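To start, the structure itself, in structure tokens.
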Protein chains: 4
Amino acid sequence: VSALQENARNGKGGVVSESRVRVRYAETDQMGVVYHANHFIWFEIGRVDLMRQLGFTYRDMERDHGCFIPVVDARCRYKAPAHYDDEIIVRTHLRNVRESMIHFGYELVRASDDQVLAEGETMHMILDAKMKASSLPPNIVKVFREAAGK
Amino acid sequence: VSALQENARNGKGGVVSESRVRVRYAETDQMGVVYHANHFIWFEIGRVDLMRQLGFTYRDMERDHGCFIPVVDARCRYKAPAHYDDEIIVRTHLRNVRESMIHFGYELVRASDDQVLAEGETMHMILDAKMKASSLPPNIVKVFREAAGK
Amino acid sequence: VSALQENARNGKGGVVSESRVRVRYAETDQMGVVYHANHFIWFEIGRVDLMRQLGFTYRDMERDHGCFIPVVDARCRYKAPAHYDDEIIVRTHLRNVRESMIHFGYELVRASDDQVLAEGETMHMILDAKMKASSLPPNIVKVFREAAGK
Amino acid sequence: VSALQENARNGKGGVVSESRVRVRYAETDQMGVVYHANHFIWFEIGRVDLMRQLGFTYRDMERDHGCFIPVVDARCRYKAPAHYDDEIIVRTHLRNVRESMIHFGYELVRASDDQVLAEGETMHMILDAKMKASSLPPNIVKVFREAAGK
């Protein structure tokens, strides 16, 4: 049982979204497992889905509100390899939210047996349409903070 | 001996640029060879280098002149697999140039033994900064046509 | 209305599978649209799903039967750009099947308005576990031929 | 001036390799900068080049010695965006070497002005050809430790 699931059972922690990706052939390498850079692409799928679940479409945040959230720090700890055609669950939660910084946490688990494959986190700053440091709109900060369980 | 080399020896054909890429681990798949979509990325490296050799930096064409050349047709025929850490030579030439369309041809050969790994071609239309159909500037058409040997 | 849909309505043609992919941020480029090499990765998702629909898991074909189907020819014609977060339907069908060669055809359409984004095809040879030219097992040839509507 | 350069000037630290990559169009995203997962692919290019400089070809380590070094932890801190067609220098060094674990550190700097774009690190375990935990051959440990300057 993963830490995120444990928290959920105990009523701790905030919102955790779940996304599903099926491993593509292109994502494998000659070691016969998923190449490690792809996990960061799956994390991105997870955080976009978490935002969608909270009522915000990242596409619209960029396009309509000129709000960009580039990654400033990314980390992944690999526990077990992911294989071609595996179905992977990406569990995403908000670890911390400030007006100028968002911190996401992730777990990747194999759907067939809930084996944890990797854990990770990304830190994001906020940029406006001119790519200058900016802040999240107050309504988003409010929703994200509640979702973070803090 | 590849067709492009044969032409070069016989004084036929136009300018052929040569780029070198070393196969990255990320580009391999679990079959132990380079995943086939990567060849199109190498073609792009080839055509940008050919343009550079002809005096045009594609980055500047986009940034300074609002001239974009998206792919409208792409094809690759695979002759032999590329392996991790192989050095690949990308030979690129212009097959045809019109004001509103550019047609590139490519050969991928393994540097160690000049084995042809793949042949391909891409067709590009011209867009302006508003992503509307446009034409190549006359000075570029002139240089590209000469390079095409036509 | 796409050609594949037209055929389906008229009772022509064979089995057409439908897969859905949502455009990832990683798949876009600085032109603001999906980079053209990614379409070939989506085609692969399509043909694996078509095989699954016909009762064959490509993962098992490789792992249990030592049957590999590398691409020997791939082509894509781009009709309209795909954008970030678009939901894309990959329609895949078998164009031709021989013991030693499989020919798939593809259509990519945007789910929101059924706009055709691209059409393509891939040709595959059959290799055994030693990466030598081989043939499809007769039971697979039979099912694939029926699915090709021929 | 980067930390690695500072150390080199002061005679501290171990071997630092330098690799050069030119940013590919496929590596950019719709924010107009390099998508963050690609930095981990550049790190890989760096560590393979460092090994080559120390006399070991990773390809041969895998193929001839059945020695695989999968990533178990990867981190990148992003300082400034990388842009299309930028030439990037990947500076790689060994941070720590044990028989069962290798720790690499990286700096990505823009060649035109030596601006630090990112810093990162990866931790690797050693697997044998059966993908079981293993150890580095003693001769490699020795050379890597010397290169780590420890």
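Identifiers in this document derive from the order of the structure tokens: chains are assigned A, B, ..., residues are numbered from 1 separately in each chain, and ligands are numbered from 1 in order of occurrence.
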* To do: Please report as a PyMOL selection string which residues of chain B come no farther than 9 Å from chain A, using only C-alpha atoms.
  => chain B and resi 25-37+84
* For segment 120-130 of chain A, list every protein, DNA or RNA residue within 9 Å, evaluated using only C-alpha atoms, and leave out those in the same chain fewer than 2 positions away; present the list as a VMD selection string. => chain A and resid 39 to 40 43 62 to 63 65 to 78 95 99 to 108 118 132 to 136
I need the residues from that last selection saved to file as a short mmCIF file (atom, residue, chain, number, x, y, z; two decimals), in the first residue's frame (with N, CA and C atoms), if you can.
data_model
loop_
_atom_site.label_atom_id
_atom_site.label_comp_id
_atom_site.auth_asym_id
_atom_site.auth_seq_id
_atom_site.Cartn_x
_atom_site.Cartn_y
_atom_site.Cartn_z
N HIS A 39 9.13 9.39 -17.14
CA HIS A 39 8.36 9.52 -15.90
C HIS A 39 7.97 10.99 -15.66
N PHE A 40 8.85 11.90 -16.07
CA PHE A 40 8.55 13.32 -15.87
C PHE A 40 7.42 13.78 -16.79
N PHE A 43 4.35 12.62 -15.01
CA PHE A 43 4.03 13.54 -13.91
C PHE A 43 3.21 14.72 -14.44
N GLU A 62 -3.06 29.00 -19.61
CA GLU A 62 -2.04 29.56 -20.50
C GLU A 62 -2.65 30.50 -21.53
N ARG A 63 -3.69 29.99 -22.21
CA ARG A 63 -4.21 30.69 -23.38
C ARG A 63 -5.04 31.90 -23.00
N HIS A 65 -5.48 33.23 -19.69
CA HIS A 65 -5.04 34.03 -18.55
C HIS A 65 -3.55 34.34 -18.59
N GLY A 66 -2.84 33.85 -19.62
CA GLY A 66 -1.41 34.13 -19.70
C GLY A 66 -0.67 33.68 -18.47
N CYS A 67 -1.08 32.53 -17.93
CA CYS A 67 -0.47 32.02 -16.70
C CYS A 67 0.29 30.73 -17.02
N PHE A 68 1.61 30.79 -16.93
CA PHE A 68 2.48 29.65 -17.24
C PHE A 68 3.13 29.16 -15.95
N ILE A 69 3.29 27.84 -15.82
CA ILE A 69 3.91 27.32 -14.60
C ILE A 69 5.09 26.40 -14.93
N PRO A 70 6.19 26.97 -15.40
CA PRO A 70 7.35 26.14 -15.75
C PRO A 70 7.95 25.46 -14.52
N VAL A 71 8.57 24.32 -14.77
CA VAL A 71 9.22 23.53 -13.73
C VAL A 71 10.55 24.19 -13.35
N VAL A 72 10.79 24.37 -12.06
CA VAL A 72 12.10 24.86 -11.62
C VAL A 72 12.90 23.80 -10.88
N ASP A 73 12.24 22.74 -10.48
CA ASP A 73 12.94 21.64 -9.78
C ASP A 73 12.12 20.38 -10.02
N ALA A 74 12.79 19.32 -10.41
CA ALA A 74 12.08 18.06 -10.68
C ALA A 74 12.93 16.91 -10.16
N ARG A 75 12.26 15.96 -9.51
CA ARG A 75 12.99 14.82 -8.97
C ARG A 75 12.14 13.57 -9.08
N CYS A 76 12.82 12.46 -9.34
CA CYS A 76 12.12 11.18 -9.38
C CYS A 76 13.00 10.11 -8.75
N ARG A 77 12.40 9.33 -7.86
CA ARG A 77 13.08 8.15 -7.29
C ARG A 77 12.41 6.91 -7.87
N TYR A 78 13.23 6.07 -8.50
CA TYR A 78 12.73 4.91 -9.25
C TYR A 78 12.80 3.68 -8.35
N ARG A 95 1.59 19.41 -2.74
CA ARG A 95 2.33 19.35 -1.49
C ARG A 95 2.37 20.70 -0.79
N GLU A 99 1.65 31.85 -3.48
CA GLU A 99 1.22 32.65 -4.64
C GLU A 99 2.20 32.54 -5.81
N SER A 100 3.47 32.35 -5.47
CA SER A 100 4.48 32.39 -6.52
C SER A 100 5.12 31.03 -6.77
N MET A 101 4.60 29.99 -6.16
CA MET A 101 5.27 28.69 -6.26
C MET A 101 4.25 27.58 -5.99
N ILE A 102 4.30 26.52 -6.78
CA ILE A 102 3.45 25.34 -6.55
C ILE A 102 4.34 24.12 -6.47
N HIS A 103 4.01 23.24 -5.56
CA HIS A 103 4.82 22.05 -5.32
C HIS A 103 3.90 20.83 -5.42
N PHE A 104 4.13 20.02 -6.45
CA PHE A 104 3.33 18.81 -6.66
C PHE A 104 4.12 17.57 -6.22
N GLY A 105 3.40 16.56 -5.75
CA GLY A 105 3.99 15.26 -5.46
C GLY A 105 3.30 14.19 -6.29
N TYR A 106 4.03 13.11 -6.60
CA TYR A 106 3.51 12.08 -7.51
C TYR A 106 3.89 10.69 -7.03
N GLU A 107 3.04 9.76 -7.34
CA GLU A 107 3.35 8.34 -7.22
C GLU A 107 2.95 7.67 -8.51
N LEU A 108 3.82 6.82 -9.02
CA LEU A 108 3.46 6.00 -10.18
C LEU A 108 3.31 4.57 -9.69
N ALA A 118 7.54 4.44 -8.89
CA ALA A 118 8.37 5.63 -8.72
C ALA A 118 7.62 6.66 -7.88
N LYS A 132 7.53 36.78 -17.42
CA LYS A 132 8.07 37.43 -16.23
C LYS A 132 7.47 36.78 -14.99
N ALA A 133 8.21 36.76 -13.89
CA ALA A 133 7.72 36.18 -12.64
C ALA A 133 6.40 36.83 -12.26
N SER A 134 5.47 36.02 -11.84
CA SER A 134 4.13 36.50 -11.58
C SER A 134 3.54 35.71 -10.40
N SER A 135 2.25 35.86 -10.17
CA SER A 135 1.59 35.15 -9.08
C SER A 135 0.37 34.42 -9.62
N LEU A 136 -0.03 33.38 -8.90
CA LEU A 136 -1.27 32.71 -9.24
C LEU A 136 -2.44 33.63 -8.91
#
* Could you pull out the residues in chain C that DSSP calls alpha helix (DSSP H) from the backbone, as number ranges by chain? => C: 3-9, 38-53, 58-65, 138-148
* **Contacts of Asn139 of chain D at 12 Å (only C-alpha atoms; same-chain gap of 3+ positions) as a list of chain:residue names** =>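 Returned residues: D:Leu54, D:Gly55, D:Phe56, D:Glu99, D:Ser135, D:Leu136, D:Lys142, D:Val143, D:Phe144, D:Arg145, D:Glu146.
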Create the file for the chosen residues now, containing N, CA and C atoms and written as a compact mmCIF listing (two decimals), in the first residue's frame.
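Wrote it out as out_19.txt, contents follow:
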# COMPACT_ATOMS: atom_id res chain seq x y z
N LEU D 54 37.09 8.36 -19.73
CA LEU D 54 37.82 7.57 -18.74
C LEU D 54 38.22 6.20 -19.29
N GLY D 55 37.86 5.95 -20.55
CA GLY D 55 38.31 4.71 -21.19
C GLY D 55 37.26 3.61 -21.29
N PHE D 56 36.02 3.92 -20.91
CA PHE D 56 34.98 2.90 -20.95
C PHE D 56 33.84 3.33 -21.87
N GLU D 99 30.94 0.37 -5.01
CA GLU D 99 30.88 -0.80 -5.89
C GLU D 99 29.48 -1.00 -6.46
N SER D 135 27.74 -5.58 -8.94
CA SER D 135 28.76 -4.60 -8.57
C SER D 135 29.55 -4.20 -9.81
N LEU D 136 30.14 -3.02 -9.74
CA LEU D 136 31.03 -2.59 -10.80
C LEU D 136 32.30 -3.44 -10.76
N LYS D 142 38.03 1.59 -9.55
CA LYS D 142 39.29 2.29 -9.30
C LYS D 142 39.39 3.56 -10.16
N VAL D 143 39.14 3.40 -11.45
CA VAL D 143 39.25 4.55 -12.35
C VAL D 143 38.20 5.61 -12.01
N PHE D 144 36.97 5.17 -11.73
CA PHE D 144 35.89 6.11 -11.42
C PHE D 144 36.21 6.87 -10.12
N ARG D 145 36.76 6.16 -9.13
CA ARG D 145 37.07 6.83 -7.85
C ARG D 145 38.14 7.89 -8.04
N GLU D 146 39.14 7.56 -8.82
CA GLU D 146 40.18 8.55 -9.10
C GLU D 146 39.58 9.77 -9.81
* Apply DSSP to the structure's backbone, then extract all residues of chain D labelled strand (DSSP E) and return them as a PyMOL selection string. => chain D and resi 16-22+71-78+87-98+101-110+116-125
* So how far away is atom CA of Arg20 of chain D from atom CA of Arg47 of chain D, in Å? -> 12.2 Å
* Asked: Just how far from atom CA of Asp113 of chain B is atom CA of Glu18 of chain D, in Å to one decimal?
  ->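 Atom-to-atom, atom CA of Glu18 of chain D to atom CA of Asp113 of chain B, that is 27.0 Å.
Among the candidates D:Tyr58, D:Ser17, D:Asp85, D:Asp114, the one nearest to Glu44 of chain B when counting only C-alpha atoms is D:Asp85.
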* Asked: Near Val16 of chain B, counting only C-alpha atoms, which residues have an atom at most 7 Å away, once you skip same-chain residues fewer than 6 positions from it, shown as an MDAnalysis selection string?
  -> chainID B and resid 91:93
* Glu87 of chain B surroundings by only C-alpha atoms, 8 Å radius, close-in-sequence under 4 positions cut, as a VMD selection string -> chain B and resid 20 to 23 110 to 112
* Asked: What's the 9 Å shell around Gly149 of chain C, counting only C-alpha atoms, without same-chain residues fewer than 5 positions away, as a VMD selection string?
  -> chain C and resid 12 to 15 94 to 95 144
Using C-alpha atoms, can you export the residues from the last selection as a short mmCIF file (atom, residue, chain, number, x, y, z; two decimals), in the first residue's frame?
data_model
loop_
_atom_site.label_atom_id
_atom_site.label_comp_id
_atom_site.auth_asym_id
_atom_site.auth_seq_id
_atom_site.Cartn_x
_atom_site.Cartn_y
_atom_site.Cartn_z
CA LYS C 12 -17.29 -1.30 -47.13
CA GLY C 13 -13.86 -1.88 -45.76
CA GLY C 14 -12.76 -3.97 -42.82
CA VAL C 15 -12.37 -3.52 -39.11
CA LEU C 94 -5.40 -3.13 -42.03
CA ARG C 95 -4.75 -2.25 -45.65
CA PHE C 144 -5.77 -10.08 -39.95
#
